[in-house]
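The data block below is input-v6.txt; it holds compact mmCIF, C-alpha atoms and all ligand atoms.
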# COMPACT_ATOMS: atom_id res chain seq x y z
CA MET J 1 -58.17 58.25 13.58
CA VAL J 2 -61.26 59.23 11.59
CA ASP J 3 -60.48 60.42 8.08
CA PRO J 4 -61.89 64.04 7.94
CA ARG J 5 -63.40 63.29 4.51
CA PHE J 6 -65.80 60.91 6.23
CA THR J 7 -66.93 63.37 8.89
CA GLU J 8 -67.79 65.63 6.02
CA LEU J 9 -69.59 62.76 4.24
CA LYS J 10 -71.73 62.08 7.31
CA ASN J 11 -72.91 65.68 7.29
CA ARG J 12 -73.62 65.58 3.58
CA LEU J 13 -75.54 62.32 3.98
CA GLY J 14 -77.86 63.92 6.51
CA LYS J 15 -78.43 66.89 4.20
CA VAL J 16 -79.05 65.46 0.75
CA ILE J 17 -80.34 61.95 1.41
CA ALA J 18 -83.99 62.13 2.41
CA GLN J 19 -84.41 61.06 6.03
CA GLY J 20 -80.65 60.50 6.08
CA CYS J 21 -81.02 56.99 4.73
CA LEU J 22 -82.28 54.95 1.79
CA THR J 23 -82.76 51.79 3.85
CA ASN J 24 -84.29 52.36 7.28
CA SER J 25 -82.17 49.73 8.95
CA LYS J 26 -78.94 51.39 7.80
CA HIS J 27 -79.85 54.66 9.59
CA PRO J 28 -77.40 55.64 12.38
CA SER J 29 -80.24 55.40 14.91
CA CYS J 30 -80.39 51.62 14.36
CA PHE J 31 -76.98 51.33 15.97
CA VAL J 32 -75.29 52.92 18.98
CA GLU J 33 -75.29 56.41 17.56
CA GLY J 34 -72.17 58.28 18.56
CA VAL J 35 -70.08 55.13 18.81
CA TYR J 36 -70.75 53.33 15.53
CA PRO J 37 -69.24 54.06 12.13
CA ILE J 38 -71.76 55.48 9.65
CA ILE J 39 -70.17 55.27 6.22
CA ALA J 40 -68.99 52.06 4.58
CA LYS J 41 -66.01 52.19 2.28
CA ALA J 42 -65.14 48.70 1.02
CA GLY J 43 -65.84 45.06 1.67
CA LEU J 44 -63.62 42.01 1.38
CA GLY J 45 -64.73 38.50 2.37
CA PRO J 46 -66.47 38.87 5.76
CA PHE J 47 -64.91 42.29 6.46
CA LEU J 48 -66.30 45.76 5.94
CA GLU J 49 -63.97 48.74 5.98
CA CYS J 50 -65.62 51.87 7.32
CA GLU J 51 -64.86 55.57 7.58
CA ASP J 52 -62.39 55.04 10.43
CA GLY J 53 -60.23 52.78 8.24
CA LYS J 54 -61.02 49.78 10.46
CA ASN J 55 -62.01 46.40 9.09
CA TYR J 56 -65.07 45.12 10.91
CA ILE J 57 -66.35 41.55 10.70
CA ASP J 58 -69.74 42.37 9.22
CA THR J 59 -72.61 40.32 10.67
CA ILE J 60 -75.19 42.48 8.90
CA CYS J 61 -74.01 41.24 5.49
CA GLY J 62 -75.68 44.03 3.51
CA LEU J 63 -78.97 43.24 5.31
CA GLY J 64 -78.64 39.62 4.33
CA SER J 65 -77.91 40.28 0.68
CA VAL J 66 -74.22 39.35 0.82
CA SER J 67 -74.74 35.62 1.16
CA ILE J 68 -71.31 34.49 0.01
CA GLY J 69 -68.99 37.38 0.98
CA TYR J 70 -67.78 40.72 -0.28
CA ARG J 71 -65.79 40.77 -3.54
CA ARG J 72 -66.01 37.03 -4.16
CA THR J 73 -63.67 36.68 -7.12
CA GLU J 74 -65.65 34.33 -9.36
CA ILE J 75 -68.84 36.38 -8.93
CA ASP J 76 -67.30 39.82 -9.38
CA LYS J 77 -65.20 38.71 -12.35
CA ALA J 78 -68.35 37.55 -14.14
CA VAL J 79 -70.16 40.84 -13.40
CA ILE J 80 -67.21 42.99 -14.48
CA ALA J 81 -66.70 40.97 -17.67
CA GLN J 82 -70.37 41.46 -18.54
CA ILE J 83 -70.15 45.22 -18.04
CA MET J 84 -66.82 45.64 -19.84
CA ASN J 85 -67.42 43.28 -22.74
CA ASN J 86 -71.15 43.47 -23.40
CA GLY J 87 -72.99 46.07 -21.34
CA ARG J 88 -75.92 46.12 -18.94
CA SER J 89 -79.29 47.27 -20.26
CA PHE J 90 -80.53 46.38 -23.72
CA SER J 91 -83.55 46.72 -25.97
CA LEU J 92 -84.28 43.00 -26.14
CA PRO J 93 -84.07 40.11 -23.65
CA THR J 94 -80.65 38.54 -23.06
CA VAL J 95 -79.31 35.04 -22.63
CA HIS J 96 -78.52 35.95 -19.00
CA GLU J 97 -82.11 36.10 -17.81
CA ILE J 98 -82.71 32.72 -19.44
CA GLU J 99 -79.58 31.09 -18.03
CA ALA J 100 -80.16 32.40 -14.50
CA ALA J 101 -83.78 31.17 -14.58
CA GLU J 102 -82.83 27.76 -15.98
CA TYR J 103 -80.10 27.27 -13.39
CA LEU J 104 -82.33 28.36 -10.52
CA LEU J 105 -85.19 26.10 -11.57
CA TYR J 106 -83.04 23.08 -12.31
CA HIS J 107 -80.75 23.22 -9.28
CA TYR J 108 -82.87 24.86 -6.59
CA LEU J 109 -86.60 24.83 -7.34
CA PRO J 110 -87.23 21.93 -9.72
CA SER J 111 -90.98 21.68 -9.08
CA TYR J 112 -91.59 25.10 -10.67
CA ASP J 113 -91.62 26.17 -14.33
CA ALA J 114 -90.92 29.88 -14.67
CA VAL J 115 -89.43 32.99 -13.09
CA LYS J 116 -90.35 36.65 -13.34
CA TRP J 117 -87.11 38.46 -12.51
CA LEU J 118 -87.41 41.81 -10.74
CA LYS J 119 -85.09 44.04 -8.73
CA THR J 120 -86.25 44.32 -5.12
CA GLY J 121 -87.95 42.10 -2.60
CA ALA J 122 -90.98 44.38 -2.36
CA GLU J 123 -91.45 44.17 -6.11
CA ALA J 124 -91.40 40.38 -5.95
CA THR J 125 -93.95 40.15 -3.10
CA SER J 126 -96.24 42.70 -4.78
CA ALA J 127 -96.02 40.80 -8.06
CA ALA J 128 -96.82 37.51 -6.32
CA ALA J 129 -99.88 39.06 -4.66
CA ARG J 130 -101.06 40.36 -8.01
CA ILE J 131 -100.64 36.97 -9.67
CA ALA J 132 -102.55 35.32 -6.82
CA ARG J 133 -105.43 37.82 -7.12
CA ALA J 134 -105.52 37.27 -10.88
CA ALA J 135 -105.56 33.49 -10.40
CA THR J 136 -108.28 33.32 -7.75
CA GLY J 137 -110.43 36.30 -8.70
CA ARG J 138 -110.35 37.17 -4.97
CA LYS J 139 -109.21 40.51 -3.58
CA VAL J 140 -107.74 40.14 -0.14
CA VAL J 141 -104.29 38.77 0.68
CA LEU J 142 -103.35 37.74 4.21
CA GLN J 143 -99.84 38.71 5.27
CA VAL J 144 -97.76 37.50 8.16
CA GLY J 145 -94.59 39.52 8.78
CA TYR J 146 -92.79 42.09 6.66
CA HIS J 147 -92.82 41.93 2.87
CA GLY J 148 -91.42 45.30 1.80
CA TRP J 149 -92.30 48.98 1.73
CA HIS J 150 -95.11 48.97 -0.87
CA ASP J 151 -98.46 50.48 0.14
CA GLN J 152 -100.41 47.28 0.48
CA TRP J 153 -97.91 45.68 2.88
CA ILE J 154 -97.36 48.76 5.03
CA SER J 155 -101.05 49.62 5.25
CA THR J 156 -101.60 47.14 8.09
CA LYS J 157 -98.52 48.23 10.04
CA ASN J 158 -97.97 51.00 12.59
CA ASN J 159 -96.66 53.65 10.24
CA PRO J 160 -99.37 54.45 7.70
CA GLN J 161 -98.41 58.09 7.12
CA GLY J 162 -98.58 58.91 3.41
CA LEU J 163 -100.93 56.03 2.62
CA PRO J 164 -104.44 56.92 1.37
CA SER J 165 -106.05 54.49 3.85
CA LYS J 166 -105.70 50.94 5.06
CA ASP J 167 -105.47 48.86 1.93
CA MET J 168 -108.64 46.80 2.05
CA ALA J 169 -106.90 44.21 -0.06
CA VAL J 170 -104.53 43.14 2.72
CA ASP J 171 -105.21 41.63 6.15
CA GLU J 172 -102.58 40.75 8.69
CA SER J 173 -102.05 37.85 11.05
CA MET J 174 -99.45 37.90 13.77
CA ASP J 175 -98.23 34.33 13.40
CA LEU J 176 -98.72 31.10 11.56
CA GLU J 177 -101.33 29.63 13.94
CA ASP J 178 -103.38 32.81 13.80
CA ALA J 179 -103.06 32.78 9.98
CA MET J 180 -104.44 29.23 9.75
CA LEU J 181 -107.54 30.22 11.71
CA ALA J 182 -108.03 33.35 9.61
CA ILE J 183 -107.72 31.44 6.32
CA ASP J 184 -110.46 29.07 7.42
CA GLU J 185 -112.71 32.04 8.16
CA LYS J 186 -112.29 34.19 5.07
CA HIS J 187 -111.82 33.62 1.33
CA TYR J 188 -108.33 34.99 0.83
CA ALA J 189 -106.68 35.17 -2.56
CA ALA J 190 -103.40 34.23 -0.94
CA ALA J 191 -101.49 33.98 2.28
CA ILE J 192 -97.95 35.32 2.20
CA ILE J 193 -95.51 34.37 4.93
CA GLU J 194 -91.83 34.15 5.57
CA PRO J 195 -91.59 30.36 5.98
CA ILE J 196 -88.49 30.35 8.18
CA MET J 197 -88.19 33.29 10.54
CA LEU J 198 -85.99 32.25 13.41
CA GLU J 199 -86.83 28.55 13.58
CA HIS J 200 -85.44 26.13 11.06
CA SER J 201 -86.65 22.79 12.40
CA GLU J 202 -88.75 19.77 11.50
CA GLU J 203 -91.45 21.19 13.76
CA ASN J 204 -91.55 24.39 11.72
CA THR J 205 -91.64 22.44 8.43
CA LYS J 206 -94.57 20.42 9.79
CA LYS J 207 -96.45 23.65 10.50
CA LEU J 208 -95.75 24.82 6.95
CA PHE J 209 -97.29 21.62 5.57
CA GLN J 210 -100.34 22.23 7.82
CA LEU J 211 -100.61 25.77 6.50
CA GLN J 212 -100.41 24.42 2.97
CA GLU J 213 -103.31 22.06 3.72
CA VAL J 214 -105.42 24.85 5.20
CA CYS J 215 -104.74 27.02 2.13
CA ALA J 216 -105.53 24.20 -0.28
CA ARG J 217 -108.91 23.40 1.31
CA ASN J 218 -109.90 27.08 1.13
CA GLY J 219 -108.72 27.73 -2.42
CA THR J 220 -106.18 30.23 -1.02
CA LEU J 221 -102.82 30.34 -2.75
CA LEU J 222 -99.77 29.98 -0.53
CA ILE J 223 -96.86 32.36 -1.15
CA PHE J 224 -93.53 31.82 0.58
CA ASP J 225 -91.46 34.96 0.97
CA GLU J 226 -87.95 33.47 0.90
CA ILE J 227 -86.28 36.82 0.35
CA VAL J 228 -84.31 36.55 3.58
CA CYS J 229 -84.38 32.82 4.36
CA GLY J 230 -83.50 31.64 0.84
CA MET J 231 -79.98 30.22 0.51
CA ARG J 232 -79.48 30.31 4.29
CA ILE J 233 -80.30 26.65 4.86
CA PRO J 234 -78.67 23.54 3.37
CA GLU J 235 -81.80 22.84 1.27
CA GLY J 236 -81.35 26.25 -0.41
CA PHE J 237 -85.05 27.14 -0.28
CA ILE J 238 -87.64 25.51 1.99
CA SER J 239 -89.95 25.79 -1.03
CA SER J 240 -88.04 22.86 -2.52
CA VAL J 241 -89.45 20.79 0.37
CA VAL J 242 -92.94 22.21 0.99
CA HIS J 243 -93.86 23.51 -2.53
CA PRO J 244 -96.06 26.59 -1.99
CA ASP J 245 -97.92 27.99 -5.02
CA LEU J 246 -95.52 30.90 -5.48
CA VAL J 247 -92.05 31.66 -4.16
CA CYS J 248 -90.54 35.13 -3.75
CA ILE J 249 -86.77 35.32 -3.81
CA GLY J 250 -84.25 38.16 -3.55
CA LYS J 251 -81.36 39.45 -1.38
CA GLY J 252 -78.90 36.56 -1.05
CA ILE J 253 -79.52 35.07 -4.50
CA ALA J 254 -77.11 37.56 -6.06
CA ASN J 255 -74.50 38.31 -3.34
CA GLY J 256 -75.16 42.05 -3.44
CA SER J 257 -76.40 42.52 -7.00
CA SER J 258 -79.96 43.75 -7.23
CA VAL J 259 -82.09 40.77 -8.26
CA SER J 260 -85.39 39.45 -6.98
CA GLY J 261 -88.01 37.24 -8.54
CA VAL J 262 -91.28 35.35 -8.36
CA VAL J 263 -91.11 31.64 -9.11
CA GLY J 264 -94.14 29.49 -9.87
CA PRO J 265 -95.80 26.84 -11.99
CA LYS J 266 -96.78 27.30 -15.64
CA ALA J 267 -100.48 27.65 -14.82
CA LEU J 268 -99.82 30.74 -12.70
CA MET J 269 -96.78 32.25 -14.37
CA HIS J 270 -97.64 31.79 -18.07
CA GLU J 271 -101.33 31.21 -18.46
CA LEU J 272 -102.83 34.14 -16.57
CA PRO J 273 -103.34 37.69 -17.85
CA TYR J 274 -101.51 39.73 -15.20
CA PHE J 275 -99.37 42.84 -15.69
CA VAL J 276 -95.91 42.83 -14.11
CA SER J 277 -93.27 44.66 -16.13
CA SER J 278 -90.20 46.74 -15.32
CA THR J 279 -87.46 48.37 -17.41
CA PHE J 280 -84.55 47.12 -15.33
CA ALA J 281 -85.90 43.66 -14.50
CA GLY J 282 -83.64 42.05 -17.09
CA GLU J 283 -80.56 44.20 -16.40
CA ALA J 284 -77.81 41.84 -17.47
CA ALA J 285 -74.90 42.48 -15.07
CA ASP J 286 -77.05 41.82 -11.99
CA LEU J 287 -78.42 38.63 -13.52
CA VAL J 288 -74.89 37.50 -14.36
CA GLY J 289 -74.07 38.17 -10.69
CA CYS J 290 -77.11 36.13 -9.68
CA LEU J 291 -76.13 33.14 -11.82
CA ALA J 292 -72.53 33.26 -10.56
CA THR J 293 -73.84 33.40 -6.95
CA LEU J 294 -76.19 30.45 -7.48
CA LYS J 295 -73.25 28.45 -8.87
CA THR J 296 -70.80 29.50 -6.14
CA TRP J 297 -73.27 28.58 -3.41
CA LYS J 298 -73.66 25.09 -4.90
CA ASN J 299 -69.87 24.64 -4.74
CA CYS J 300 -69.27 25.97 -1.25
CA GLN J 301 -70.27 22.99 0.93
CA PHE J 302 -73.04 24.98 2.50
CA GLU J 303 -73.85 22.17 4.93
CA ASP J 304 -70.47 22.79 6.48
CA VAL J 305 -71.11 26.56 6.60
CA TYR J 306 -74.50 25.92 8.21
CA ALA J 307 -73.08 23.52 10.83
CA LYS J 308 -70.29 25.93 11.70
CA ALA J 309 -72.75 28.82 11.89
CA ASN J 310 -74.92 26.87 14.35
CA GLN J 311 -71.92 26.04 16.53
CA THR J 312 -70.75 29.64 16.50
CA MET J 313 -74.19 30.99 17.39
CA GLN J 314 -74.39 28.60 20.33
CA TRP J 315 -70.89 29.58 21.37
CA ILE J 316 -71.77 33.31 21.23
CA ASN J 317 -74.89 32.66 23.31
CA GLU J 318 -72.86 30.73 25.86
CA GLY J 319 -70.44 33.67 26.14
CA LEU J 320 -73.30 36.14 26.64
CA LYS J 321 -75.36 33.98 28.99
CA GLU J 322 -74.51 35.88 32.13
CA PHE J 323 -75.17 39.16 30.37
CA HIS J 324 -78.75 38.01 29.51
CA VAL J 325 -78.57 38.92 25.83
CA LYS J 326 -78.91 36.24 23.20
CA LEU J 327 -79.14 35.52 19.54
CA GLU J 328 -82.37 33.78 18.67
CA GLY J 329 -82.52 31.88 15.42
CA TYR J 330 -80.48 29.35 13.53
CA GLY J 331 -76.78 29.72 12.73
CA THR J 332 -76.92 31.66 9.48
CA ARG J 333 -79.68 33.99 10.65
CA GLY J 334 -80.33 35.38 14.10
CA TYR J 335 -81.98 38.26 15.90
CA TRP J 336 -80.67 39.90 19.07
CA LYS J 337 -83.05 39.47 22.00
CA GLY J 338 -82.88 40.96 25.48
CA ASP J 339 -83.15 44.26 27.24
CA LEU J 340 -82.52 47.05 24.68
CA GLU J 341 -79.91 48.81 26.83
CA LYS J 342 -78.03 45.57 27.27
CA ILE J 343 -78.17 44.90 23.55
CA ALA J 344 -76.79 48.41 23.04
CA LEU J 345 -73.88 47.62 25.39
CA VAL J 346 -73.13 44.43 23.45
CA PHE J 347 -73.21 46.41 20.19
CA GLN J 348 -70.96 49.10 21.69
CA GLU J 349 -68.33 46.72 22.99
CA ALA J 350 -68.50 44.65 19.79
CA ILE J 351 -67.79 47.66 17.62
CA LYS J 352 -64.71 48.39 19.74
CA CYS J 353 -63.57 44.83 18.99
CA GLN J 354 -64.24 45.40 15.28
CA ILE J 355 -67.43 43.38 14.95
CA LEU J 356 -70.31 45.14 13.22
CA LEU J 357 -73.59 44.05 14.80
CA GLY J 358 -77.11 45.03 13.79
CA ARG J 359 -80.41 43.77 15.18
CA SER J 360 -80.45 40.95 12.59
CA PHE J 361 -77.39 38.71 12.52
CA PHE J 362 -76.21 36.88 9.42
CA TYR J 363 -73.43 34.38 8.91
CA ASN J 364 -72.23 33.96 5.34
CA VAL J 365 -69.82 31.70 3.49
CA ALA J 366 -66.86 34.07 3.94
CA MET J 367 -67.45 34.08 7.69
CA ARG J 368 -67.05 30.33 7.78
CA GLU J 369 -63.61 30.94 6.34
CA SER J 370 -62.85 33.51 9.10
CA ASP J 371 -64.71 31.87 11.97
CA GLU J 372 -61.58 31.95 14.15
CA VAL J 373 -61.29 35.73 13.76
CA LEU J 374 -64.97 36.17 14.61
CA ARG J 375 -64.60 34.05 17.74
CA SER J 376 -61.40 35.70 18.85
CA ARG J 377 -63.02 39.14 18.57
CA PHE J 378 -66.13 37.95 20.40
CA SER J 379 -63.91 36.57 23.20
CA ASP J 380 -62.68 40.13 23.73
CA VAL J 381 -66.28 41.36 23.82
CA PHE J 382 -67.17 38.83 26.52
CA LEU J 383 -64.28 40.11 28.64
CA ARG J 384 -65.20 43.75 28.15
CA LEU J 385 -68.80 43.06 29.19
CA LYS J 386 -67.52 41.87 32.59
CA ASN J 387 -66.22 45.36 33.38
CA PRO J 388 -68.34 46.63 36.32
CA ALA J 389 -67.82 50.23 35.18
CA LEU J 390 -69.32 49.53 31.76
CA ALA J 391 -71.57 52.38 30.59
CA LEU J 392 -73.34 53.27 27.40
CA GLU J 393 -71.43 55.91 25.45
CA GLY J 394 -74.01 56.50 22.72
CA LEU J 395 -77.74 56.12 22.08
CA VAL J 396 -79.83 52.96 22.42
CA PRO J 397 -80.69 51.62 18.94
CA ARG J 398 -84.29 52.14 17.92
CA GLU J 399 -86.44 49.12 17.12
CA PRO J 400 -86.25 48.15 13.42
CA PHE J 401 -89.20 49.17 11.24
CA LYS J 402 -90.03 52.12 13.49
CA ARG J 403 -90.15 55.28 11.39
CA VAL J 404 -86.93 57.23 10.89
C1 LIG R 501 -89.01 38.91 4.44
C2 LIG R 501 -88.81 40.12 3.59
N1 LIG R 501 -89.53 40.26 2.47
C3 LIG R 501 -89.38 41.32 1.66
C4 LIG R 501 -88.47 42.31 1.96
C5 LIG R 501 -88.34 43.51 1.05
O1 LIG R 501 -87.17 43.43 0.32
P1 LIG R 501 -86.57 44.78 -0.32
O2 LIG R 501 -86.08 45.62 0.79
O3 LIG R 501 -85.46 44.26 -1.23
O4 LIG R 501 -87.67 45.41 -1.11
C6 LIG R 501 -87.69 42.20 3.10
C7 LIG R 501 -86.70 43.25 3.43
O5 LIG R 501 -85.98 43.22 4.38
C8 LIG R 501 -87.87 41.10 3.95
O6 LIG R 501 -87.17 41.00 5.10

Represent the structure of the file as structure tokens.
Ligand SMILES: Cc1ncc(COP(=O)(O)O)c(C=O)c1O
Amino acid sequence: MVDPRFTELKNRLGKVIAQGCLTNSKHPSCFVEGVYPIIAKAGLGPFLECEDGKNYIDTICGLGSVSIGYRRTEIDKAVIAQIMNNGRSFSLPTVHEIEAAEYLLYHYLPSYDAVKWLKTGAEATSAAARIARAATGRKVVLQVGYHGWHDQWISTKNNPQGLPSKDMAVDESMDLEDAMLAIDEKHYAAAIIEPIMLEHSEENTKKLFQLQEVCARNGTLLIFDEIVCGMRIPEGFISSVVHPDLVCIGKGIANGSSVSGVVGPKALMHELPYFVSSTFAGEAADLVGCLATLKTWKNCQFEDVYAKANQTMQWINEGLKEFHVKLEGYGTRGYWKGDLEKIALVFQEAIKCQILLGRSFFYNVAMRESDEVLRSRFSDVFLRLKNPALALEGLVPREPFKRV
């Protein structure tokens, strides 16, 4: 039974929140509109309670930002203690930005020297591009994939409304191979890519080393955007293996707190005159949350989480084989592929079995702890999909990144 306060909230959301959403991929049209819940109420572990009072297993994980799980005690206690005992925003730097940077560099990215903390992924990628332009004296950055909503990144995409013109300082390649050819042809300041999209394999790592070579011989800096893939693989960040010039981090590094950053060597981070500065970059509670997340992740036997996630993804794909919908990717990160109407049916039946699915699929530490529940609910979905009378009761989700 839907709590009437939430029906009212849905209407208010559509009225006072521009476009009805702050994050495009949380908009009702990204799901099976008419069937899906719209308002989240509370999270606990892998579960998200929504307006209908039901607890869904949440495979969207706050768009990948909840890497450990909702309300993880040791993380939230640290954040609350910071707010209650000391406060959040100050007039001088705090020990928290130093401690979080030291821990990150020492335990995760030891070949780098310094961090510029920021708040959002787009800020981090824009800052990295600026640093690369300052370092090389070149103007144009080559992007592969999505790096946030800022003008330069969106200017090459399909939705340029509101932008003055295509940003001449950004080119786009469709994939890694295409990028390598382009870098050999033009003097780019940098190439920015998401190093692990849906393939975490030795083959992919080999390609990243090739890309690094191509960049090095052209004097093009290599930027890895690890905002989504960071802390989703047992190595933590693939940048600890391949060593690009700059690393962008965000989302999962703080389990829901708003922290992003650019990580790099002294020569780029300290010795160049670039301007990157933001009032809330050093906000202490979020950085305390980040440090607590980095520590928790180190203690959670992530290899085990990763192995379980891979098994579960394979198991889900096996169950959906006859339905011709599948998760592409590696265990902790996937993407639903198949006919859109069929994907919509999977989403619809999943929501009835209390599994929240979005186009991207994430598996976090808390899910490892509730893997049995996830599987038992998916078993019900597989059965429901066999019903010959199955019909779509809502709208087909729109493709992500299409305009709201
Ligand atoms: C690979 C990648 N980079 C950057 C971003 C931008 O991050 P944010 O939305 O925090 O600005 C995203 C967002 O989804 C992303 O997927």

Name each residue within 9 Å of ligand LIG 501 (chain R), counting only C-alpha atoms and all ligand atoms, as a PyMOL selection string.
-> chain J and resi 23+25+63-65+119-125+145-150+193-194+197+225-229+248-251+258-260

Which value, in Å to one decimal, gives the distance between CA of Gly236 in chain J and CA of Val144 in chain J?
-> 21.7 Å

As JSON, please: the centre and edge lengths in Å, to one decimal, of an axis-aligned box enclosing every listed atom of range 162-180 of chain J with 8 Å added on each side.
{"center_x": -103.4, "center_y": 44.1, "center_z": 6.9, "size_x": 26.4, "size_y": 45.7, "size_z": 30.0}

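Separating CA of Asn159 in chain J from CA of Val16 in chain J is a distance of 23.2 Å.
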
Residue nearest Trp117 in chain J - candidates J:Ala101, J:Ala366, J:Leu320, J:Met269, atoms counted: all atoms listed in the file =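 Between J:Ala101, J:Ala366, J:Leu320, J:Met269, the residue approaching Trp117 in chain J most closely is J:Ala101.
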
Of the listed residues J:Gln354, J:Ser278, J:Asn85, J:Ser201, that which approaches Asn55 in chain J most closely, counting only C-alpha atoms |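 Selected residue with least distance to Asn55 in chain J: J:Gln354.
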
In Å to one decimal, how far is CA of Ala127 in chain J from CA of Val276 in chain J?
-> 6.4 Å

Counting all atoms listed in the file, the residue of J:Ser277, J:Ala135, J:Tyr56, J:Ala78 that sits nearest Val373 in chain J |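 Comparing J:Ser277, J:Ala135, J:Tyr56, J:Ala78 against Val373 in chain J, the winner is J:Tyr56.
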
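Shortest separation to Leu345 in chain J among J:Asp171, J:Asp184, J:Asp380, J:Glu393 occurs at residue J:Glu393, atoms counted being all atoms listed in the file.
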
Long-range neighbours of Ala182 in chain J as a VMD selection string, 9 Å cut-off, only C-alpha atoms, 6 positions minimum in chain | chain J and resid 142 173 188

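Distance cut-off 7 Å, centre (-91.8, 28.6, -7.3), atoms counted only C-alpha atoms; the residues meeting this are Leu109, Tyr112, Asp245, Leu246, Val247, Val262, Val263, Gly264 and Pro265 of chain J.
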
So that I can check the surroundings of range 40-47 of chain J, please list as a short mmCIF file (atom, residue, chain, number, x, y, z; two decimals) with C-alpha atoms, keeping the file's coordinate frame every protein, DNA and RNA residue that reaches within 9 Å of it, counting only C-alpha atoms and ignoring chain neighbours fewer than 4 positions away.
data_model
loop_
_atom_site.label_atom_id
_atom_site.label_comp_id
_atom_site.auth_asym_id
_atom_site.auth_seq_id
_atom_site.Cartn_x
_atom_site.Cartn_y
_atom_site.Cartn_z
CA GLU J 51 -64.86 55.57 7.58
CA GLY J 53 -60.23 52.78 8.24
CA ASN J 55 -62.01 46.40 9.09
CA TYR J 56 -65.07 45.12 10.91
CA ILE J 57 -66.35 41.55 10.70
CA ASP J 58 -69.74 42.37 9.22
CA THR J 59 -72.61 40.32 10.67
CA CYS J 61 -74.01 41.24 5.49
CA ILE J 68 -71.31 34.49 0.01
CA GLY J 69 -68.99 37.38 0.98
CA TYR J 70 -67.78 40.72 -0.28
CA ARG J 71 -65.79 40.77 -3.54
CA ARG J 72 -66.01 37.03 -4.16
CA ILE J 355 -67.43 43.38 14.95
CA TYR J 363 -73.43 34.38 8.91
CA ASN J 364 -72.23 33.96 5.34
CA VAL J 365 -69.82 31.70 3.49
CA ALA J 366 -66.86 34.07 3.94
CA MET J 367 -67.45 34.08 7.69
CA ARG J 368 -67.05 30.33 7.78
CA GLU J 369 -63.61 30.94 6.34
CA SER J 370 -62.85 33.51 9.10
#

Tell me which protein, DNA and RNA residues are within 6 Å of Gly334 in chain J, counting all atoms listed in the file, leaving out same-chain ones fewer than 6 positions away, and put them as a PyMOL selection string.
-> chain J and resi 327-328+360-361

Selected residue of minimal separation from Gly87 in chain J among J:Lys308, J:Glu283, J:Asn299, J:Ala350, counting all atoms listed in the file | J:Glu283

Option closest in space to Leu340 in chain J, from J:Thr7, J:Gly394, J:Glu399, J:Asp304 [counting all atoms listed in the file] =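 When distances to Leu340 in chain J are compared using all atoms listed in the file, the smallest one comes from J:Glu399.
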
Excluding range 285-289 of chain J and any residue of its chain fewer than 5 positions from it, enumerate the residues within 7 Å of it, using only C-alpha atoms, and give them as a list in words.
->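 Contacts, in chain order: Ile75, Ala78, Val79, Gln82, Ile83, Arg88, His96, Glu97, Ala100, Ala254, Ser257, Ser258 and Val259 of chain J.
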